[in-house]
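Chemist: File run-v2.cif follows (mmCIF, C-alpha atoms and all ligand atoms):
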data_start
#
loop_
_atom_site.group_PDB
_atom_site.id
_atom_site.type_symbol
_atom_site.label_atom_id
_atom_site.label_comp_id
_atom_site.auth_asym_id
_atom_site.auth_seq_id
_atom_site.Cartn_x
_atom_site.Cartn_y
_atom_site.Cartn_z
ATOM 1 C CA MET J 1 21.109 1.729 4.698
ATOM 2 C CA GLN J 2 19.065 -1.301 3.728
ATOM 3 C CA LYS J 3 18.116 -2.924 0.437
ATOM 4 C CA SER J 4 14.444 -3.183 -0.434
ATOM 5 C CA PRO J 5 12.912 -6.549 -1.428
ATOM 6 C CA ILE J 6 11.207 -7.394 -4.736
ATOM 7 C CA SER J 7 7.627 -8.735 -4.915
ATOM 8 C CA LYS J 8 5.806 -10.345 -7.815
ATOM 9 C CA ILE J 9 2.194 -9.428 -8.553
ATOM 10 C CA ASN J 10 -0.331 -10.340 -11.232
ATOM 11 C CA LEU J 11 -2.542 -7.710 -12.866
ATOM 12 C CA ASP J 12 -4.971 -8.496 -15.698
ATOM 13 C CA GLY J 13 -3.214 -11.826 -16.203
ATOM 14 C CA ARG J 14 0.220 -10.207 -16.511
ATOM 15 C CA ASP J 15 3.127 -10.684 -14.128
ATOM 16 C CA PHE J 16 4.881 -7.613 -12.762
ATOM 17 C CA TYR J 17 7.772 -7.305 -10.367
ATOM 18 C CA VAL J 18 7.749 -4.531 -7.766
ATOM 19 C CA LYS J 19 10.838 -3.069 -6.125
ATOM 20 C CA ARG J 20 9.463 -2.440 -2.648
ATOM 21 C CA ASP J 21 11.000 0.908 -1.764
ATOM 22 C CA ASP J 22 7.749 1.563 0.116
ATOM 23 C CA LEU J 23 8.949 -0.880 2.798
ATOM 24 C CA ILE J 24 12.175 0.967 3.647
ATOM 25 C CA ASP J 25 10.599 3.019 6.458
ATOM 26 C CA PRO J 26 7.046 4.094 7.390
ATOM 27 C CA PHE J 27 7.775 7.763 6.611
ATOM 28 C CA LEU J 28 11.174 7.988 4.933
ATOM 29 C CA ALA J 29 10.469 5.669 2.028
ATOM 30 C CA GLY J 30 10.007 5.416 -1.726
ATOM 31 C CA ASN J 31 11.894 7.681 -4.045
ATOM 32 C CA LYS J 32 12.141 10.348 -1.332
ATOM 33 C CA TYR J 33 14.456 7.999 0.556
ATOM 34 C CA ARG J 34 16.583 7.594 -2.580
ATOM 35 C CA LYS J 35 16.565 11.335 -3.244
ATOM 36 C CA LEU J 36 17.585 12.159 0.351
ATOM 37 C CA TYR J 37 20.263 9.471 0.438
ATOM 38 C CA THR J 38 23.190 11.895 0.124
ATOM 39 C CA LEU J 39 21.869 14.072 2.955
ATOM 40 C CA LEU J 40 21.177 10.993 5.078
ATOM 41 C CA LYS J 41 24.814 10.000 4.710
ATOM 42 C CA THR J 42 26.046 13.520 5.518
ATOM 43 C CA PRO J 43 27.608 13.809 9.002
ATOM 44 C CA LYS J 44 25.130 15.301 11.512
ATOM 45 C CA GLU J 45 27.527 18.133 12.394
ATOM 46 C CA LYS J 46 27.539 19.589 8.916
ATOM 47 C CA TYR J 47 24.073 21.126 9.296
ATOM 48 C CA ASN J 48 21.725 22.066 12.084
ATOM 49 C CA LYS J 49 18.725 23.008 10.016
ATOM 50 C CA ILE J 50 16.902 21.961 6.862
ATOM 51 C CA ILE J 51 14.598 24.376 5.098
ATOM 52 C CA SER J 52 11.977 23.477 2.524
ATOM 53 C CA TYR J 53 8.624 24.644 1.198
ATOM 54 C CA GLY J 54 5.642 23.447 -0.811
ATOM 55 C CA GLY J 55 2.352 21.646 -0.327
ATOM 56 C CA THR J 56 1.082 20.470 3.035
ATOM 57 C CA GLN J 57 0.319 16.932 1.908
ATOM 58 C CA SER J 58 3.683 16.494 0.220
ATOM 59 C CA ASN J 59 5.450 13.152 0.555
ATOM 60 C CA ALA J 60 8.787 14.975 0.359
ATOM 61 C CA MET J 61 7.843 17.076 3.410
ATOM 62 C CA LEU J 62 7.126 13.960 5.445
ATOM 63 C CA ALA J 63 10.323 12.224 4.339
ATOM 64 C CA ILE J 64 12.412 15.298 5.203
ATOM 65 C CA ALA J 65 10.720 15.493 8.626
ATOM 66 C CA ALA J 66 11.609 11.853 9.294
ATOM 67 C CA MET J 67 15.195 12.413 8.157
ATOM 68 C CA CYS J 68 15.572 15.508 10.360
ATOM 69 C CA LYS J 69 14.312 13.630 13.397
ATOM 70 C CA GLU J 70 16.883 10.918 12.789
ATOM 71 C CA LYS J 71 19.693 13.429 12.204
ATOM 72 C CA LYS J 72 18.564 15.738 15.041
ATOM 73 C CA TRP J 73 18.345 18.644 12.587
ATOM 74 C CA LYS J 74 15.713 21.354 12.901
ATOM 75 C CA PHE J 75 13.251 21.371 10.030
ATOM 76 C CA THR J 76 11.395 24.506 8.978
ATOM 77 C CA TYR J 77 8.747 24.118 6.287
ATOM 78 C CA TYR J 78 7.049 27.052 4.570
ATOM 79 C CA THR J 79 3.594 26.825 3.029
ATOM 80 C CA LYS J 80 0.761 29.096 2.004
ATOM 81 C CA PRO J 81 -1.882 29.539 4.745
ATOM 82 C CA LEU J 82 -3.713 26.421 5.905
ATOM 83 C CA SER J 83 -7.326 26.058 6.952
ATOM 84 C CA THR J 84 -8.005 25.311 10.620
ATOM 85 C CA LEU J 85 -9.547 22.023 9.498
ATOM 86 C CA GLN J 86 -6.314 20.962 7.784
ATOM 87 C CA LYS J 87 -4.281 21.850 10.872
ATOM 88 C CA GLU J 88 -6.532 19.794 13.127
ATOM 89 C CA HIS J 89 -6.401 16.610 11.039
ATOM 90 C CA LYS J 90 -5.160 13.675 13.074
ATOM 91 C CA GLU J 91 -3.901 11.739 10.062
ATOM 92 C CA GLY J 92 -2.101 12.364 6.814
ATOM 93 C CA ASN J 93 1.363 13.599 5.937
ATOM 94 C CA PHE J 94 1.068 17.010 7.597
ATOM 95 C CA PHE J 95 -0.030 15.531 10.911
ATOM 96 C CA HIS J 96 2.798 12.976 10.868
ATOM 97 C CA ALA J 97 5.399 15.590 9.912
ATOM 98 C CA ILE J 98 4.353 17.863 12.806
ATOM 99 C CA THR J 99 4.514 14.856 15.143
ATOM 100 C CA LEU J 100 8.082 14.227 13.928
ATOM 101 C CA GLY J 101 9.024 17.780 14.990
ATOM 102 C CA MET J 102 8.579 19.833 11.830
ATOM 103 C CA GLN J 103 8.263 23.574 12.407
ATOM 104 C CA HIS J 104 5.565 24.900 10.109
ATOM 105 C CA VAL J 105 5.506 28.515 8.919
ATOM 106 C CA GLU J 106 2.638 29.969 6.920
ATOM 107 C CA ILE J 107 3.350 32.717 4.406
ATOM 108 C CA LYS J 108 0.534 34.859 3.072
ATOM 109 C CA GLU J 109 -0.325 34.126 -0.546
ATOM 110 C CA GLU J 110 0.690 37.606 -1.766
ATOM 111 C CA TYR J 111 4.202 37.386 -0.258
ATOM 112 C CA TYR J 112 4.800 33.672 -0.826
ATOM 113 C CA LYS J 113 6.804 33.717 -4.063
ATOM 114 C CA GLU J 114 9.074 36.529 -2.979
ATOM 115 C CA TYR J 115 9.598 35.015 0.456
ATOM 116 C CA ILE J 116 10.558 31.613 -0.963
ATOM 117 C CA SER J 117 13.115 33.114 -3.337
ATOM 118 C CA SER J 118 14.633 35.077 -0.434
ATOM 119 C CA LEU J 119 15.211 31.896 1.626
ATOM 120 C CA ARG J 120 18.405 30.925 -0.172
ATOM 121 C CA VAL J 121 19.833 34.405 0.221
ATOM 122 C CA THR J 122 19.182 34.780 3.944
ATOM 123 C CA MET J 123 20.209 31.331 5.215
ATOM 124 C CA ASP J 124 23.554 30.532 6.892
ATOM 125 C CA GLU J 125 26.115 27.811 6.125
ATOM 126 C CA LYS J 126 24.674 25.444 8.734
ATOM 127 C CA SER J 127 21.379 25.374 6.880
ATOM 128 C CA TYR J 128 20.464 23.382 3.792
ATOM 129 C CA LEU J 129 17.610 24.291 1.478
ATOM 130 C CA ILE J 130 15.700 21.570 -0.345
ATOM 131 C CA ASP J 131 13.647 22.889 -3.242
ATOM 132 C CA GLN J 132 10.036 21.785 -3.701
ATOM 133 C CA GLY J 133 9.792 18.188 -4.861
ATOM 134 C CA GLY J 134 13.496 17.622 -4.251
ATOM 135 C CA ALA J 135 14.447 18.262 -7.895
ATOM 136 C CA ASP J 136 18.114 18.405 -7.096
ATOM 137 C CA LYS J 137 21.339 17.075 -8.589
ATOM 138 C CA SER J 138 22.149 15.531 -5.184
ATOM 139 C CA ALA J 139 19.461 12.903 -5.912
ATOM 140 C CA LYS J 140 21.844 11.206 -8.345
ATOM 141 C CA GLU J 141 23.797 9.198 -5.770
ATOM 142 C CA GLY J 142 20.779 7.583 -4.098
ATOM 143 C CA LEU J 143 19.405 6.526 -7.471
ATOM 144 C CA GLU J 144 22.747 4.976 -8.377
ATOM 145 C CA VAL J 145 22.447 2.874 -5.225
ATOM 146 C CA LEU J 146 18.977 1.798 -6.370
ATOM 147 C CA ALA J 147 20.413 0.983 -9.811
ATOM 148 C CA THR J 148 23.015 -1.282 -8.213
ATOM 149 C CA GLU J 149 20.329 -3.118 -6.237
ATOM 150 C CA ILE J 150 18.329 -3.646 -9.440
ATOM 151 C CA ARG J 151 21.356 -5.015 -11.296
ATOM 152 C CA GLU J 152 22.206 -7.334 -8.425
ATOM 153 C CA ALA J 153 18.658 -8.739 -8.386
ATOM 154 C CA ASN J 154 19.511 -10.242 -11.789
ATOM 155 C CA LEU J 155 15.913 -10.420 -13.019
ATOM 156 C CA LYS J 156 15.416 -11.629 -16.544
ATOM 157 C CA LEU J 157 13.720 -8.481 -17.774
ATOM 158 C CA LYS J 158 14.822 -5.346 -19.525
ATOM 159 C CA SER J 159 12.127 -2.815 -18.606
ATOM 160 C CA LEU J 160 11.573 -0.716 -15.497
ATOM 161 C CA ALA J 161 8.875 1.797 -14.627
ATOM 162 C CA THR J 162 8.435 4.610 -12.125
ATOM 163 C CA PRO J 163 5.985 7.577 -12.080
ATOM 164 C CA SER J 164 7.121 11.201 -12.468
ATOM 165 C CA GLY J 165 6.461 14.447 -10.674
ATOM 166 C CA THR J 166 9.592 16.488 -11.324
ATOM 167 C CA GLY J 167 11.069 13.527 -13.231
ATOM 168 C CA THR J 168 14.210 13.521 -11.091
ATOM 169 C CA THR J 169 13.803 9.865 -10.113
ATOM 170 C CA ALA J 170 13.087 8.508 -13.606
ATOM 171 C CA LEU J 171 15.860 10.601 -15.164
ATOM 172 C CA TYR J 172 18.652 9.580 -12.799
ATOM 173 C CA LEU J 173 17.507 5.977 -12.859
ATOM 174 C CA ALA J 174 17.636 5.937 -16.671
ATOM 175 C CA LEU J 175 21.111 7.493 -16.608
ATOM 176 C CA ALA J 176 22.349 4.930 -14.092
ATOM 177 C CA LEU J 177 20.851 1.957 -15.989
ATOM 178 C CA PRO J 178 21.505 2.472 -19.713
ATOM 179 C CA GLU J 179 20.975 -1.257 -20.404
ATOM 180 C CA TYR J 180 17.320 -1.002 -19.252
ATOM 181 C CA LYS J 181 14.307 0.722 -20.756
ATOM 182 C CA ILE J 182 12.736 3.086 -18.182
ATOM 183 C CA TYR J 183 9.046 3.878 -18.594
ATOM 184 C CA THR J 184 7.520 6.889 -16.893
ATOM 185 C CA THR J 185 4.515 9.179 -17.238
ATOM 186 C CA PRO J 186 3.931 12.775 -16.103
ATOM 187 C CA CYS J 187 1.533 12.913 -13.141
ATOM 188 C CA VAL J 188 1.808 16.624 -12.370
ATOM 189 C CA GLY J 189 1.973 18.507 -15.694
ATOM 190 C CA ASN J 190 2.117 17.456 -19.355
ATOM 191 C CA VAL J 191 4.947 15.805 -21.297
ATOM 192 C CA ALA J 192 6.462 19.139 -22.388
ATOM 193 C CA TYR J 193 6.628 20.337 -18.782
ATOM 194 C CA LEU J 194 8.183 17.064 -17.625
ATOM 195 C CA LYS J 195 10.839 17.201 -20.347
ATOM 196 C CA GLU J 196 11.639 20.784 -19.430
ATOM 197 C CA GLN J 197 12.138 19.808 -15.771
ATOM 198 C CA MET J 198 14.329 16.847 -16.719
ATOM 199 C CA ASN J 199 16.389 18.844 -19.198
ATOM 200 C CA ALA J 200 17.211 21.342 -16.456
ATOM 201 C CA LEU J 201 19.057 18.502 -14.696
ATOM 202 C CA HIS J 202 20.540 16.538 -17.598
ATOM 203 C CA VAL J 203 20.019 15.724 -21.271
ATOM 204 C CA ILE J 204 17.255 13.091 -21.448
ATOM 205 C CA PRO J 205 18.776 9.722 -22.461
ATOM 206 C CA ASP J 206 17.235 7.534 -25.214
ATOM 207 C CA ASN J 207 16.364 4.688 -22.833
ATOM 208 C CA LEU J 208 13.903 6.907 -20.924
ATOM 209 C CA ILE J 209 10.451 6.482 -22.453
ATOM 210 C CA ILE J 210 7.710 8.925 -21.526
ATOM 211 C CA LEU J 211 4.246 7.460 -22.020
ATOM 212 C CA GLU J 212 1.101 9.550 -21.913
ATOM 213 C CA THR J 213 -2.429 8.715 -20.767
ATOM 214 C CA THR J 214 -5.000 9.227 -23.519
ATOM 215 C CA LYS J 215 -7.214 11.218 -21.156
ATOM 216 C CA LYS J 216 -5.823 14.297 -19.407
ATOM 217 C CA TYR J 217 -5.669 13.901 -15.628
ATOM 218 C CA HIS J 218 -5.109 16.715 -13.139
ATOM 219 C CA PHE J 219 -2.829 16.147 -10.181
ATOM 220 C CA ALA J 220 -4.548 15.292 -6.876
ATOM 221 C CA LYS J 221 -8.003 15.287 -8.491
ATOM 222 C CA LEU J 222 -10.273 12.274 -7.987
ATOM 223 C CA TYR J 223 -11.067 9.833 -10.800
ATOM 224 C CA PRO J 224 -13.142 6.631 -10.449
ATOM 225 C CA GLU J 225 -10.721 4.759 -12.745
ATOM 226 C CA PHE J 226 -7.825 5.668 -10.425
ATOM 227 C CA LEU J 227 -9.665 4.200 -7.455
ATOM 228 C CA GLU J 228 -10.322 1.050 -9.523
ATOM 229 C CA ILE J 229 -6.624 0.652 -10.310
ATOM 230 C CA TYR J 230 -5.756 1.285 -6.666
ATOM 231 C CA LYS J 231 -8.148 -1.480 -5.561
ATOM 232 C CA LYS J 232 -6.901 -3.854 -8.244
ATOM 233 C CA THR J 233 -3.257 -3.480 -7.222
ATOM 234 C CA LEU J 234 -4.231 -3.754 -3.556
ATOM 235 C CA ARG J 235 -6.011 -7.055 -4.281
ATOM 236 C CA SER J 236 -2.879 -8.269 -6.047
ATOM 237 C CA GLY J 237 -1.012 -7.789 -2.754
ATOM 238 C CA VAL J 238 0.692 -4.390 -2.880
ATOM 239 C CA GLU J 239 -0.649 -0.986 -1.882
ATOM 240 C CA PHE J 240 0.387 1.912 -4.131
ATOM 241 C CA ASP J 241 -0.197 5.641 -3.686
ATOM 242 C CA LEU J 242 -3.287 7.346 -5.124
ATOM 243 C CA LEU J 243 -1.527 10.381 -6.618
ATOM 244 C CA TYR J 244 1.158 9.030 -8.928
ATOM 245 C CA ALA J 245 0.796 5.265 -9.290
ATOM 246 C CA PRO J 246 -2.657 5.151 -10.984
ATOM 247 C CA ASN J 247 -1.419 7.162 -14.012
ATOM 248 C CA LEU J 248 1.538 4.877 -14.498
ATOM 249 C CA TRP J 249 -0.365 1.623 -14.012
ATOM 250 C CA LYS J 250 -2.896 2.862 -16.549
ATOM 251 C CA VAL J 251 -0.309 3.483 -19.289
ATOM 252 C CA LEU J 252 1.640 0.320 -18.468
ATOM 253 C CA LEU J 253 -1.432 -1.887 -18.701
ATOM 254 C CA GLU J 254 -2.665 -0.191 -21.867
ATOM 255 C CA GLN J 255 0.535 0.533 -23.780
ATOM 256 C CA THR J 256 3.126 -2.119 -22.878
ATOM 257 C CA ASN J 257 3.183 -5.914 -22.925
ATOM 258 C CA GLU J 258 6.607 -7.067 -21.719
ATOM 259 C CA GLU J 259 7.704 -8.035 -18.191
ATOM 260 C CA ILE J 260 8.355 -4.944 -16.121
ATOM 261 C CA LEU J 261 9.900 -4.142 -12.746
ATOM 262 C CA TYR J 262 7.851 -1.323 -11.201
ATOM 263 C CA ILE J 263 9.879 0.801 -8.797
ATOM 264 C CA HIS J 264 7.462 1.556 -5.949
ATOM 265 C CA SER J 265 7.846 5.276 -5.287
ATOM 266 C CA GLY J 266 6.234 5.242 -1.801
ATOM 267 C CA GLY J 267 3.577 7.726 -0.759
ATOM 268 C CA VAL J 268 1.091 5.310 0.803
ATOM 269 C CA THR J 269 0.893 7.459 3.976
ATOM 270 C CA GLY J 270 -1.125 9.947 1.933
ATOM 271 C CA ASN J 271 -3.770 7.368 1.047
ATOM 272 C CA ALA J 272 -5.842 7.723 4.236
ATOM 273 C CA SER J 273 -6.831 11.290 3.411
ATOM 274 C CA MET J 274 -7.215 10.560 -0.317
ATOM 275 C CA LEU J 275 -9.507 7.593 0.400
ATOM 276 C CA LYS J 276 -11.603 9.806 2.655
ATOM 277 C CA ARG J 277 -12.021 12.277 -0.217
ATOM 278 C CA TYR J 278 -12.944 9.444 -2.599
ATOM 279 C CA LYS J 279 -15.510 8.131 -0.165
ATOM 280 C CA LYS J 280 -17.104 11.533 0.250
ATOM 281 C CA LYS J 281 -17.165 12.311 -3.477
ATOM 282 C CA PHE J 282 -18.333 9.004 -4.911
ATOM 283 C CA GLU J 283 -20.562 7.653 -2.167
ATOM 284 C CA SER J 284 -23.427 9.846 -3.343
ATOM 285 C CA GLN J 285 -22.895 8.628 -6.927
ATOM 286 C CA LYS J 286 -23.152 4.880 -6.210
ATOM 287 C CA ILE J 287 -26.039 4.526 -8.633
ATOM 288 C CA VAL J 288 -23.840 5.666 -11.503
ATOM 289 C CA LYS J 289 -21.018 3.321 -10.552
ATOM 290 C CA THR J 290 -23.020 0.112 -10.211
ATOM 291 C CA LYS J 291 -25.112 0.493 -13.364
HETATM 292 C C1 LIG A 301 7.539 12.504 -5.146
HETATM 293 C C2 LIG A 301 6.857 11.327 -5.716
HETATM 294 C C3 LIG A 301 6.955 11.001 -7.079
HETATM 295 C C4 LIG A 301 7.649 11.892 -8.089
HETATM 296 O O1 LIG A 301 9.038 11.827 -8.033
HETATM 297 P P1 LIG A 301 9.934 12.768 -8.961
HETATM 298 O O2 LIG A 301 11.326 12.381 -8.685
HETATM 299 O O3 LIG A 301 9.637 14.198 -8.551
HETATM 300 O O4 LIG A 301 9.523 12.553 -10.366
HETATM 301 C C5 LIG A 301 6.358 9.823 -7.507
HETATM 302 N N1 LIG A 301 5.665 9.033 -6.659
HETATM 303 C C6 LIG A 301 5.518 9.336 -5.354
HETATM 304 C C7 LIG A 301 4.708 8.430 -4.490
HETATM 305 C C8 LIG A 301 6.116 10.485 -4.840
HETATM 306 O O5 LIG A 301 5.960 10.780 -3.543
#
Represent the structure from my file as structure tokens, please.
Modeler:
Amino acid sequence: MQKSPISKINLDGRDFYVKRDDLIDPFLAGNKYRKLYTLLKTPKEKYNKIISYGGTQSNAMLAIAAMCKEKKWKFTYYTKPLSTLQKEHKEGNFFHAITLGMQHVEIKEEYYKEYISSLRVTMDEKSYLIDQGGADKSAKEGLEVLATEIREANLKLKSLATPSGTGTTALYLALALPEYKIYTTPCVGNVAYLKEQMNALHVIPDNLIILETTKKYHFAKLYPEFLEIYKKTLRSGVEFDLLYAPNLWKVLLEQTNEEILYIHSGGVTGNASMLKRYKKKFESQKIVKTK
């Protein structure tokens, strides 16, 4: 288990520090590495199979696939039906996960919900089920390790930031570091939904601050301002993901002014396919963009 380094970047004349969890491993990185930490430390013999389900471009799926390869565990991943085009893609998280040995099972839309809820009932004691997004109490330990690394870095700042899907990462980080302020923003649903997800795991502590973008953004949709932020951070020397990071950078740049350590949550492997979508969508609108 290795520690991740810290980089310093400058955005809009402001200095930010970045905890480079993206550098831990090409596939098993970011907060998915932290969230899978307990399983990674579990003796190989305890399980022979990991089961999970969700989206086919999921960063969690790819991280689990990489973990299972390392642990020599079988990995079965359930999704709704995929298009032939998606299956034939030679890049992106799905392609990499299949290459790492993931067994993919498609469940028809009309049976999906019922099938997923039956998984826990039908599995044996050598199997472990990871719920979508990895919103699991077992994530606590890995985030405590991250908290220790942050404390040991001894930076002279009091604010951290990390983007939220389920909010598991931000919540456990805030609980493990009560002396820091933890900024986050919901990237998947709204604030109410994020709080509900967090509250299912633990009471939300006072040092966790949920900021909100003024404009409403939909997850995995394309926005020119997101691509701008992506390019700006890339120019500053660090590549961030195109799904979660743009929301957070937007609120941090607009609504905060102190020195902040941004916890890189990984996900850059998904950028190739996102950038392709951006290119396709906005290439025809160049006239609008350069006006
Ligand atoms: C999964 C993921 C998140 C969200 O993490 P949660 O713990 O579900 O809030 C944020 N950023 C990236 C890049 C992710 O892959």
Chemist: Compile the contact shell of range 38-40 of chain J as a PyMOL selection string: residues with an atom at most 7 Å away, counting all atoms listed in the file, same-chain residues fewer than 4 positions apart removed.
Modeler: chain J and resi 67+138+141-142
Chemist: Running the PyMOL selection byres (((not hetatm)) within 10 of (chain A and resi 301)) on this model by hand, what would come out? Give it as number ranges by chain.
Modeler: J: 22, 29-35, 57-63, 132-136, 139, 162-173, 184-188, 194, 197-198, 240-245, 248, 263-270
Chemist: Tell me, in Å to one decimal, how far CA of Ala272 in chain J is from CA of Pro224 in chain J.
Modeler: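 Going from CA of Ala272 in chain J over to CA of Pro224 in chain J, I get 16.4 Å.
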Chemist: Translate the PyMOL selection byres (((chain J and resi 82) around 12) and not hetatm) into a concrete residue list for this structure, as a PyMOL selection string.
Modeler: chain J and resi 54-57+78-81+83-89+94+104-109
Chemist: Measure the distance from CA of Leu261 in chain J to CA of Tyr17 in chain J in Å and round it to one decimal.
Modeler: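 Here the two named atoms are 4.5 Å from each other.
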Chemist: Take CA of Glu239 in chain J and CA of Glu254 in chain J and report the distance between them in Å, one decimal.
Modeler: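 Taking CA of Glu239 in chain J as the start and CA of Glu254 in chain J as the end point, the length is 20.1 Å.
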Chemist: Here's the selection I'm unsure about, the PyMOL selection byres (((chain J and resi 278) around 12) and not hetatm); applied to the file above, which residues does it give, as a PDB file with C-alpha atoms, in the coordinates of the input?
Modeler:
ATOM      1  CA  ALA J 220      -4.548  15.292  -6.876  1.00  0.00           C
ATOM      2  CA  LYS J 221      -8.003  15.287  -8.491  1.00  0.00           C
ATOM      3  CA  LEU J 222     -10.273  12.274  -7.987  1.00  0.00           C
ATOM      4  CA  TYR J 223     -11.067   9.833 -10.800  1.00  0.00           C
ATOM      5  CA  PRO J 224     -13.142   6.631 -10.449  1.00  0.00           C
ATOM      6  CA  GLU J 225     -10.721   4.759 -12.745  1.00  0.00           C
ATOM      7  CA  PHE J 226      -7.825   5.668 -10.425  1.00  0.00           C
ATOM      8  CA  LEU J 227      -9.665   4.200  -7.455  1.00  0.00           C
ATOM      9  CA  GLU J 228     -10.322   1.050  -9.523  1.00  0.00           C
ATOM     10  CA  TYR J 230      -5.756   1.285  -6.666  1.00  0.00           C
ATOM     11  CA  LEU J 242      -3.287   7.346  -5.124  1.00  0.00           C
ATOM     12  CA  ASN J 271      -3.770   7.368   1.047  1.00  0.00           C
ATOM     13  CA  ALA J 272      -5.842   7.723   4.236  1.00  0.00           C
ATOM     14  CA  SER J 273      -6.831  11.290   3.411  1.00  0.00           C
ATOM     15  CA  MET J 274      -7.215  10.560  -0.317  1.00  0.00           C
ATOM     16  CA  LEU J 275      -9.507   7.593   0.400  1.00  0.00           C
ATOM     17  CA  LYS J 276     -11.603   9.806   2.655  1.00  0.00           C
ATOM     18  CA  ARG J 277     -12.021  12.277  -0.217  1.00  0.00           C
ATOM     19  CA  LYS J 279     -15.510   8.131  -0.165  1.00  0.00           C
ATOM     20  CA  LYS J 280     -17.104  11.533   0.250  1.00  0.00           C
ATOM     21  CA  LYS J 281     -17.165  12.311  -3.477  1.00  0.00           C
ATOM     22  CA  PHE J 282     -18.333   9.004  -4.911  1.00  0.00           C
ATOM     23  CA  GLU J 283     -20.562   7.653  -2.167  1.00  0.00           C
ATOM     24  CA  SER J 284     -23.427   9.846  -3.343  1.00  0.00           C
ATOM     25  CA  GLN J 285     -22.895   8.628  -6.927  1.00  0.00           C
ATOM     26  CA  LYS J 286     -23.152   4.880  -6.210  1.00  0.00           C
TER      27      LYS J 286
END
Chemist: Counting all atoms listed in the file, which residue out of J:Asp131, J:Glu45, J:Glu91, J:Asp25 sits closest to Lys71 in chain J?
Modeler: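 Nearest to Lys71 in chain J: J:Glu45.
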Chemist: Enclose all atoms of range 29-47 of chain J listed in the file in an axis-aligned box, grow every side by 5 Å, and hand back centre and edge lengths in Å to one decimal, as JSON.
Modeler:
{"center_x": 18.8, "center_y": 13.3, "center_z": 4.2, "size_x": 27.6, "size_y": 25.7, "size_z": 26.4}
Chemist: For Phe27 in chain J, which of J:Leu119, J:Leu157, J:Ile64, J:Leu234 is the closest residue, counting only C-alpha atoms?
Modeler: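 Of all the options, J:Ile64 lies closest to Phe27 in chain J.
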Chemist: Restricting the calculation to all atoms listed in the file, which member of J:Ala161, J:Ala192, J:Leu177, J:Leu100 is positioned closest to Leu252 in chain J?
Modeler: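 The shortest atom-to-atom distance to Leu252 in chain J comes from J:Ala161.
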Chemist: Of the residues J:Ala65, J:Ile6, J:Val238, J:Leu36, which is the one nearest to Asn93 in chain J, using all atoms listed in the file?
Modeler: J:Ala65
Chemist: Quick one: residues within 10 Å of Lys44 in chain J, all atoms listed in the file counted, chain neighbours fewer than 6 positions away excluded, as a PyMOL selection string?
Modeler: chain J and resi 68+70-73
Chemist: Return the single residue from J:Ala66, J:Arg151, J:Asn48, J:Glu179 that is closest to His96 in chain J, with distances computed using only C-alpha atoms.
Modeler: J:Ala66
Chemist: Would you please work out which residue, of J:Leu175, J:Ile260, J:Val121, J:Met102, is nearest to Tyr53 in chain J when using all atoms listed in the file?
Modeler: J:Met102
